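Undergrad: File follows, upload10.txt with compact mmCIF, C-alpha atoms:
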# COMPACT_ATOMS: atom_id res chain seq x y z
CA MET A 81 -27.23 6.90 3.01
CA GLY A 82 -23.68 7.43 1.76
CA LEU A 83 -20.46 5.49 2.23
CA VAL A 84 -19.18 3.78 5.37
CA CYS A 85 -15.54 2.67 5.56
CA ALA A 86 -14.39 -0.03 7.96
CA GLY A 87 -10.94 -1.23 8.85
CA ASP A 88 -7.43 0.08 9.01
CA ASN A 89 -6.15 3.33 10.39
CA VAL A 90 -2.56 4.33 11.06
CA VAL A 91 -0.34 7.24 11.91
CA ASP A 92 2.18 7.58 9.09
CA VAL A 93 5.49 8.67 10.63
CA TYR A 94 7.70 10.31 7.99
CA ARG A 95 11.28 9.42 8.77
CA GLY A 96 13.76 12.26 9.13
CA THR A 97 11.11 15.01 8.91
CA GLY A 98 9.68 15.23 12.41
CA LYS A 99 6.18 14.96 10.96
CA ALA A 100 3.38 12.40 11.15
CA TYR A 101 -0.05 12.29 9.50
CA PRO A 102 -3.33 10.39 9.91
CA GLY A 103 -3.70 7.58 7.38
CA GLY A 104 -4.87 4.09 6.54
CA ASN A 105 -6.85 2.97 3.49
CA ALA A 106 -10.29 2.78 5.10
CA LEU A 107 -9.83 6.01 7.02
CA ASN A 108 -8.45 7.87 3.98
CA VAL A 109 -11.31 6.72 1.75
CA SER A 110 -13.86 7.98 4.28
CA VAL A 111 -12.29 11.45 4.17
CA ALA A 112 -12.12 11.44 0.37
CA ALA A 113 -15.79 10.45 0.15
CA ARG A 114 -16.83 13.22 2.53
CA ARG A 115 -14.77 15.75 0.57
CA SER A 116 -16.67 14.56 -2.50
CA GLY A 117 -19.92 15.64 -0.90
CA VAL A 118 -21.49 12.40 0.32
CA THR A 119 -22.25 11.34 3.87
CA ALA A 120 -19.30 9.32 5.16
CA ALA A 121 -18.60 7.29 8.28
CA TYR A 122 -15.59 5.40 9.60
CA ILE A 123 -15.61 2.25 11.73
CA GLY A 124 -12.25 1.36 13.22
CA ALA A 125 -10.24 1.07 16.42
CA VAL A 126 -7.69 3.51 17.84
CA GLY A 127 -5.76 3.50 21.08
CA ASP A 128 -6.55 5.58 24.14
CA ASP A 129 -3.49 7.70 23.42
CA ASP A 130 -2.71 11.09 21.95
CA ALA A 131 -2.24 9.61 18.47
CA GLY A 132 -5.74 8.14 18.60
CA ARG A 133 -7.18 11.46 19.71
CA ARG A 134 -5.47 13.17 16.79
CA LEU A 135 -6.98 10.71 14.31
CA ILE A 136 -10.44 11.26 15.77
CA ALA A 137 -9.95 15.04 15.68
CA ALA A 138 -8.97 14.89 11.99
CA LEU A 139 -12.04 12.82 11.13
CA THR A 140 -14.25 15.18 13.11
CA ALA A 141 -12.77 18.20 11.32
CA GLU A 142 -13.64 16.51 8.01
CA SER A 143 -17.23 15.80 9.18
CA VAL A 144 -16.78 12.03 8.99
CA ASP A 145 -19.12 10.22 11.38
CA THR A 146 -17.13 8.37 14.08
CA GLY A 147 -20.06 7.10 16.12
CA ARG A 148 -19.01 3.45 15.69
CA LEU A 149 -15.27 4.06 16.18
CA ARG A 150 -13.73 2.14 19.08
CA VAL A 151 -11.24 3.64 21.53
CA LEU A 152 -9.38 0.73 23.12
CA PRO A 153 -6.65 0.41 25.76
CA GLY A 154 -3.29 0.38 24.00
CA ASN A 155 -1.51 2.22 21.23
CA THR A 156 -2.79 3.51 17.93
CA ALA A 157 -1.27 1.84 14.87
CA TRP A 158 1.72 3.56 13.26
CA CYS A 159 3.92 3.02 10.23
CA GLY A 160 7.32 4.37 9.28
CA VAL A 161 7.33 6.08 5.88
CA GLN A 162 9.98 7.56 3.63
CA VAL A 163 9.48 9.40 0.36
CA VAL A 164 11.95 8.93 -2.49
CA ASP A 165 11.37 11.05 -5.60
CA GLY A 166 7.73 11.46 -4.61
CA ASP A 167 7.12 7.73 -4.17
CA ARG A 168 6.13 6.66 -0.64
CA GLN A 169 7.85 3.60 0.77
CA PHE A 170 6.56 1.83 3.86
CA LEU A 171 9.10 0.72 6.45
CA ASP A 172 8.41 -0.83 9.85
CA ALA A 173 5.00 -0.75 11.50
CA ASP A 174 3.01 -1.54 14.62
CA LEU A 175 -0.66 -2.50 14.18
CA GLY A 176 -1.48 -1.47 17.73
CA VAL A 177 -5.17 -2.01 18.51
CA SER A 178 -6.35 -1.42 14.94
CA MET A 179 -7.53 -4.96 14.14
CA PHE A 180 -11.13 -5.76 15.13
CA ASP A 181 -14.26 -7.66 14.10
CA LEU A 182 -17.53 -6.07 13.03
CA SER A 183 -20.25 -6.69 15.60
CA ALA A 184 -23.92 -7.38 14.95
CA ASP A 185 -24.61 -3.75 15.86
CA ASP A 186 -21.96 -2.63 13.37
CA LEU A 187 -23.60 -4.66 10.61
CA ALA A 188 -27.00 -3.20 11.44
CA TYR A 189 -25.45 0.27 11.17
CA VAL A 190 -23.70 -0.61 7.89
CA ALA A 191 -27.05 -1.64 6.40
CA GLY A 192 -28.06 2.03 6.42
CA PHE A 193 -25.40 2.97 3.84
CA ASP A 194 -25.24 2.61 0.08
CA ALA A 195 -21.93 0.77 0.33
CA LEU A 196 -19.09 -0.19 2.64
CA HIS A 197 -15.43 0.12 1.68
CA THR A 198 -12.63 -1.92 3.20
CA GLY A 199 -9.40 -3.44 1.97
CA ASP A 200 -6.56 -5.89 2.21
CA ASN A 201 -4.98 -4.26 5.27
CA SER A 202 -8.11 -4.24 7.41
CA GLY A 203 -8.37 -7.88 8.49
CA LEU A 204 -12.09 -8.12 7.68
CA GLU A 205 -11.85 -10.72 4.91
CA ALA A 206 -13.73 -13.35 6.94
CA GLN A 207 -16.71 -11.01 7.31
CA LEU A 208 -17.12 -9.90 3.70
CA ALA A 209 -20.04 -12.27 3.15
CA ASP A 210 -21.79 -10.84 6.22
CA VAL A 211 -21.27 -7.30 4.93
CA ALA A 212 -22.39 -8.20 1.41
CA ALA A 213 -25.64 -9.53 2.88
CA VAL A 214 -26.57 -6.05 4.14
CA THR A 215 -25.00 -3.62 1.64
CA LYS A 216 -22.70 -3.38 -1.37
CA VAL A 217 -19.00 -4.00 -0.78
CA SER A 218 -16.05 -2.07 -2.19
CA PHE A 219 -12.72 -3.80 -1.58
CA ASP A 220 -9.20 -2.55 -2.24
CA PHE A 221 -7.11 -5.53 -3.32
CA GLY A 222 -4.02 -3.37 -3.81
CA SER A 223 -1.46 -5.42 -5.73
CA ARG A 224 -2.29 -8.74 -4.06
CA PRO A 225 -1.86 -11.95 -6.09
CA TRP A 226 -4.89 -13.38 -7.88
CA SER A 227 -5.06 -16.28 -5.42
CA TYR A 228 -6.02 -13.73 -2.72
CA VAL A 229 -8.49 -11.94 -5.00
CA ASP A 230 -10.10 -15.19 -6.09
CA GLU A 231 -11.24 -16.07 -2.57
CA LEU A 232 -13.02 -12.75 -1.97
CA ILE A 233 -14.20 -11.19 -5.21
CA ASP A 234 -17.54 -13.01 -5.30
CA HIS A 235 -18.67 -10.78 -2.39
CA VAL A 236 -17.49 -7.54 -4.00
CA TRP A 237 -19.51 -4.88 -5.85
CA CYS A 238 -16.54 -2.58 -6.64
CA ALA A 239 -13.12 -4.21 -6.92
CA CYS A 240 -10.19 -1.81 -6.61
CA PHE A 241 -6.61 -2.54 -7.69
CA SER A 242 -3.22 -0.79 -7.70
CA GLY A 243 -1.77 -1.12 -11.19
CA GLY A 244 0.89 1.57 -11.35
CA HIS A 245 3.55 -1.14 -11.58
CA LEU A 246 1.82 -2.82 -14.52
CA THR A 247 2.12 -2.11 -18.23
CA PRO A 248 -1.01 -0.57 -19.80
CA GLU A 249 -1.77 -3.92 -21.41
CA ALA A 250 -1.43 -5.77 -18.13
CA ALA A 251 -3.67 -3.24 -16.35
CA ILE A 252 -6.38 -3.77 -18.97
CA ALA A 253 -6.03 -7.55 -18.65
CA LEU A 254 -6.34 -7.35 -14.86
CA ALA A 255 -9.46 -5.19 -15.13
CA ASP A 256 -11.06 -7.62 -17.59
CA GLN A 257 -10.14 -10.63 -15.47
CA ALA A 258 -11.71 -9.05 -12.40
CA ALA A 259 -14.81 -7.83 -14.25
CA ALA A 260 -15.40 -11.32 -15.60
CA ARG A 261 -15.92 -12.53 -12.02
CA GLY A 262 -19.00 -10.38 -11.53
CA PRO A 263 -18.30 -7.09 -9.73
CA ALA A 264 -20.46 -4.25 -11.06
CA ALA A 265 -17.39 -2.00 -11.10
CA VAL A 266 -13.65 -2.54 -11.36
CA LEU A 267 -11.27 0.34 -10.63
CA VAL A 268 -7.57 0.14 -11.49
CA SER A 269 -5.25 2.98 -10.51
CA GLU A 270 -2.35 3.25 -12.96
CA GLY A 271 -0.10 5.68 -11.12
CA SER A 272 1.24 8.52 -13.24
CA ARG A 273 -0.77 7.27 -16.24
CA GLY A 274 -4.11 7.85 -14.53
CA ALA A 275 -6.84 5.30 -13.86
CA ARG A 276 -9.47 3.14 -15.52
CA LEU A 277 -12.95 2.10 -14.50
CA VAL A 278 -14.86 -0.85 -15.96
CA ILE A 279 -18.67 -0.82 -15.73
CA ASP A 280 -20.70 -3.53 -17.45
CA GLY A 281 -17.64 -4.55 -19.44
CA VAL A 282 -17.05 -1.04 -20.79
CA HIS A 283 -13.66 0.56 -20.06
CA VAL A 284 -13.37 4.25 -19.25
CA ALA A 285 -9.85 5.62 -18.77
CA VAL A 286 -8.58 9.08 -17.85
CA THR A 287 -5.07 10.44 -17.60
CA SER A 288 -3.61 11.71 -14.36
CA GLN A 289 -4.60 15.26 -13.44
CA ALA A 290 -1.52 15.76 -11.24
CA THR A 291 0.71 18.69 -12.13
CA SER A 292 3.28 17.98 -9.42
CA LEU A 293 4.37 15.04 -7.30
CA THR A 294 5.32 15.61 -3.69
CA ASP A 295 4.12 12.41 -2.02
CA SER A 296 2.14 9.55 -3.55
CA LEU A 297 0.84 8.30 -0.20
CA GLY A 298 -2.95 8.30 -0.11
CA ALA A 299 -3.45 9.03 -3.81
CA GLY A 300 -5.05 5.66 -4.51
CA ASP A 301 -7.35 6.05 -1.51
CA ALA A 302 -8.42 9.51 -2.70
CA LEU A 303 -9.14 8.03 -6.13
CA ILE A 304 -11.30 5.30 -4.60
CA GLY A 305 -13.23 7.71 -2.40
CA GLY A 306 -13.98 10.03 -5.29
CA VAL A 307 -15.06 7.24 -7.63
CA LEU A 308 -17.26 5.52 -5.05
CA SER A 309 -18.95 8.81 -4.21
CA GLY A 310 -19.80 9.27 -7.88
CA LEU A 311 -21.04 5.72 -8.34
CA ILE A 312 -23.41 5.74 -5.37
CA ARG A 313 -24.87 9.02 -6.67
CA ASP A 314 -25.38 7.46 -10.11
CA HIS A 315 -22.87 9.73 -11.84
CA THR A 316 -21.61 8.54 -15.19
CA PRO A 317 -18.50 6.33 -15.02
CA LEU A 318 -16.49 9.07 -16.73
CA ASP A 319 -17.61 11.76 -14.29
CA ALA A 320 -16.97 9.48 -11.30
CA LEU A 321 -13.48 8.67 -12.57
CA LYS A 322 -12.67 12.32 -13.27
CA ALA A 323 -13.74 13.24 -9.74
CA GLY A 324 -11.54 10.52 -8.29
CA THR A 325 -8.47 11.47 -10.30
CA ALA A 326 -8.96 15.11 -9.30
CA LEU A 327 -8.83 14.09 -5.63
CA ALA A 328 -5.78 11.92 -6.30
CA ALA A 329 -4.02 14.88 -7.94
CA ARG A 330 -4.70 16.94 -4.83
CA ALA A 331 -3.36 14.16 -2.60
CA VAL A 332 0.02 13.90 -4.35
CA SER A 333 0.60 17.65 -4.09
CA HIS A 334 1.35 17.54 -0.35
CA TYR A 335 2.80 15.27 2.31
CA GLY A 336 0.45 12.93 4.12
CA ALA A 337 -2.77 11.39 2.84
CA PHE A 338 -5.01 14.37 3.59
CA GLY A 339 -3.10 16.74 5.89
CA TYR A 340 -3.31 17.31 9.66
CA GLY A 341 0.42 16.83 10.23
CA PHE A 342 1.86 16.82 13.73
CA ASP A 343 5.08 16.08 15.62
CA PRO A 344 5.12 12.31 16.29
CA ALA A 345 7.16 12.73 19.46
CA SER A 346 4.45 15.00 20.90
CA ALA A 347 1.97 12.16 20.40
CA GLY A 348 4.18 9.61 22.15
CA LEU A 349 5.33 7.96 18.93
CA GLY A 350 9.00 8.66 19.53
CA ASN A 351 9.59 5.69 21.83
CA GLY A 352 12.03 3.28 20.25
CA LEU A 353 12.77 5.52 17.26
CA THR A 354 16.04 7.37 16.82
CA ASP A 355 16.20 11.09 16.04
CA ALA A 356 17.19 10.20 12.48
CA GLN A 357 14.14 7.94 12.11
CA LEU A 358 11.81 10.65 13.33
So, in terms of structure tokens, how does the structure I just supplied come out?

TA:
Amino acid sequence: MGLVCAGDNVVDVYRGTGKAYPGGNALNVSVAARRSGVTAAYIGAVGDDDAGRRLIAALTAESVDTGRLRVLPGNTAWCGVQVVDGDRQFLDADLGVSMFDLSADDLAYVAGFDALHTGDNSGLEAQLADVAAVTKVSFDFGSRPWSYVDELIDHVWCACFSGGHLTPEAAIALADQAAARGPAAVLVSEGSRGARLVIDGVHVAVTSQATSLTDSLGAGDALIGGVLSGLIRDHTPLDALKAGTALAARAVSHYGAFGYGFDPASAGLGNGLTDAQL
């Protein structure tokens, strides 16, 4: 059993630093779940290039199962990133070969897990009903408008949102609005304030455990991975949320979502980027 994550992966290229790191919501959550002690797998698509090999190597080093990962002709997705006062900002990007559809064999594999996590950058919205028919679905809605949420939330077991830009009152209102639609769990990250989890209409909130802020990239994914790992092991909502915020605190203490930095030029990601951009 455990958690399988399906969808986006990317190489985050940090402008002006000469460093790049593995990333992507689905990929990051799989690593966070494995670090939380549950079996984790990742289904995605990378290019047959050095960047793709580096992503696979990072997942392998973290003991994330990559048996259903596709290696396709073309380039691995990448995204330009800059960090301003600890806050990551996404710049230009190339999706490469990262977009794909789940096959019948994928769905049969997914059925062997407690839950599948995906999100708004993975392009799997049209298949959520198929996934929900074989296992529970966790979906990261990020900060998407309610019109987007409304079309998908009926298929979702755990609805995840980014609420760091919201007031505390607005974050509570969002959580209640989502919970009223039926998900068993609603998770709202609130940035430097911490996070809240709603189970059966009951709110549990914890403050951030971060003692320093180097780079916020990947913090929300770490939170999700930690919380999901607790929920599928029947931990209390409070314990699951504490575990998730502990992982998020670790994530913001360093550059990159979960480490494994490398020189982007050495992976062939320098084409078309100036020295200043790299």

Undergrad: CA of Cys159 (chain A) and CA of Ser183 (chain A), how far apart in Å?

TA: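 Separation of CA of Ser183 (chain A) and CA of Cys159 (chain A): 26.6 Å.
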
Undergrad: Work out how far CA of Gly274 (chain A) is from CA of Ala326 (chain A), in Å to one decimal.

TA: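 Rounded to one decimal, the two atoms are 10.2 Å apart.
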
Undergrad: Restrict the calculation to only C-alpha atoms, then for each residue of region 239-284 of chain A with any atom at most 12 Å from an atom of region 163-179 of chain A give the closest atom pair and their distance in Å to one decimal, rows by chain and rising residue number, as a tab-separated table.

TA:
residue	atom	partner	partner_atom	distance
A:Gly244	CA	A:Asp167	CA	11.3
A:Gly271	CA	A:Asp167	CA	10.2
A:Ser272	CA	A:Asp167	CA	10.8

Undergrad: Find the spatial neighbours of Leu107 (chain A), counting all atoms listed in the file, within a cut-off of 7 Å - ignore same-chain residues fewer than 5 positions away - and output them as a ChimeraX atom specification.

TA: /A:85,88-89,122

Undergrad: To one decimal place, how far is CA of Ala121 (chain A) from CA of Gly147 (chain A) in Å?

TA: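 So the answer is 8.0 Å.
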
Undergrad: From the list A:Leu196, A:Leu187, A:Val90, A:Val286, which residue is nearest Trp158 (chain A) when using only C-alpha atoms?

TA: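 Among the listed residues, the smallest separation from Trp158 (chain A) belongs to A:Val90.
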
Undergrad: Is it possible to get the residues within 7 Å of (-23.6, 7.9, 4.3) (coordinates as in the file, counting all atoms listed in the file) written as a list in words?

TA: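 Residues found, by chain and rising number: Met81, Gly82, Leu83, Val84, Val118, Thr119, Ala120, Ala121, Phe193 and Asp194 of chain A.
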
Undergrad: In the coordinates of the file, take the point (-11.2, -6.6, 12.2) and a cut-off of 9 Å; then, counting all atoms listed in the file, name each qualifying protein, DNA or RNA residue as a ChimeraX atom specification.

TA: /A:86-88,124-125,178-182,202-207

Undergrad: Extract, using all atoms listed in the file, all DNA, RNA and protein residues at most 7 Å from Val217 (chain A), discarding same-chain residues fewer than 6 positions from it, and format them as a ChimeraX atom specification.

TA: /A:195-197,211,235-238

Undergrad: Between A:Ala264, A:Leu139, A:Ala285, A:Leu254, which has the minimum distance to Leu311 (chain A) (counting all atoms listed in the file)?

TA: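 Checking each candidate against Leu311 (chain A), we get A:Ala264 as the closest.
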
Undergrad: Would you mind telling me which residue in A:Asp319, A:Asp280, A:Asp234, A:Asp145 lies nearest to Gly306 (chain A) when using only C-alpha atoms?

TA: A:Asp319

Undergrad: Do you know which residues are at most 12 Å from Leu318 (chain A) counting all atoms listed in the file, after dropping those on the same chain fewer than 3 positions away, and could you put them as an NGL selection string?

TA: :A and (267 or 275-279 or 282-287 or 306-307 or 310-311 or 314-315 or 321-325)

Undergrad: Pick the closest to Ala320 (chain A) from A:Ala138, A:Ala265, A:Asp343, A:Ser333: which is it, counting only C-alpha atoms?

TA: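 Checking each of A:Ala138, A:Ala265, A:Asp343, A:Ser333 against Ala320 (chain A), counting only C-alpha atoms, the winner is A:Ala265.
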
Undergrad: Quick one: of A:Gly132, A:Pro344, A:Gly298, A:Pro102, who's nearest to Val151 (chain A), counting only C-alpha atoms?

TA: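 Checking each of A:Gly132, A:Pro344, A:Gly298, A:Pro102 against Val151 (chain A), counting only C-alpha atoms, the winner is A:Gly132.
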
Undergrad: Nearest to Asp92 (chain A) among A:Leu349, A:Val111, A:Ala253, A:Val266, with distances taken over all atoms listed in the file: which residue is it?

TA: A:Leu349
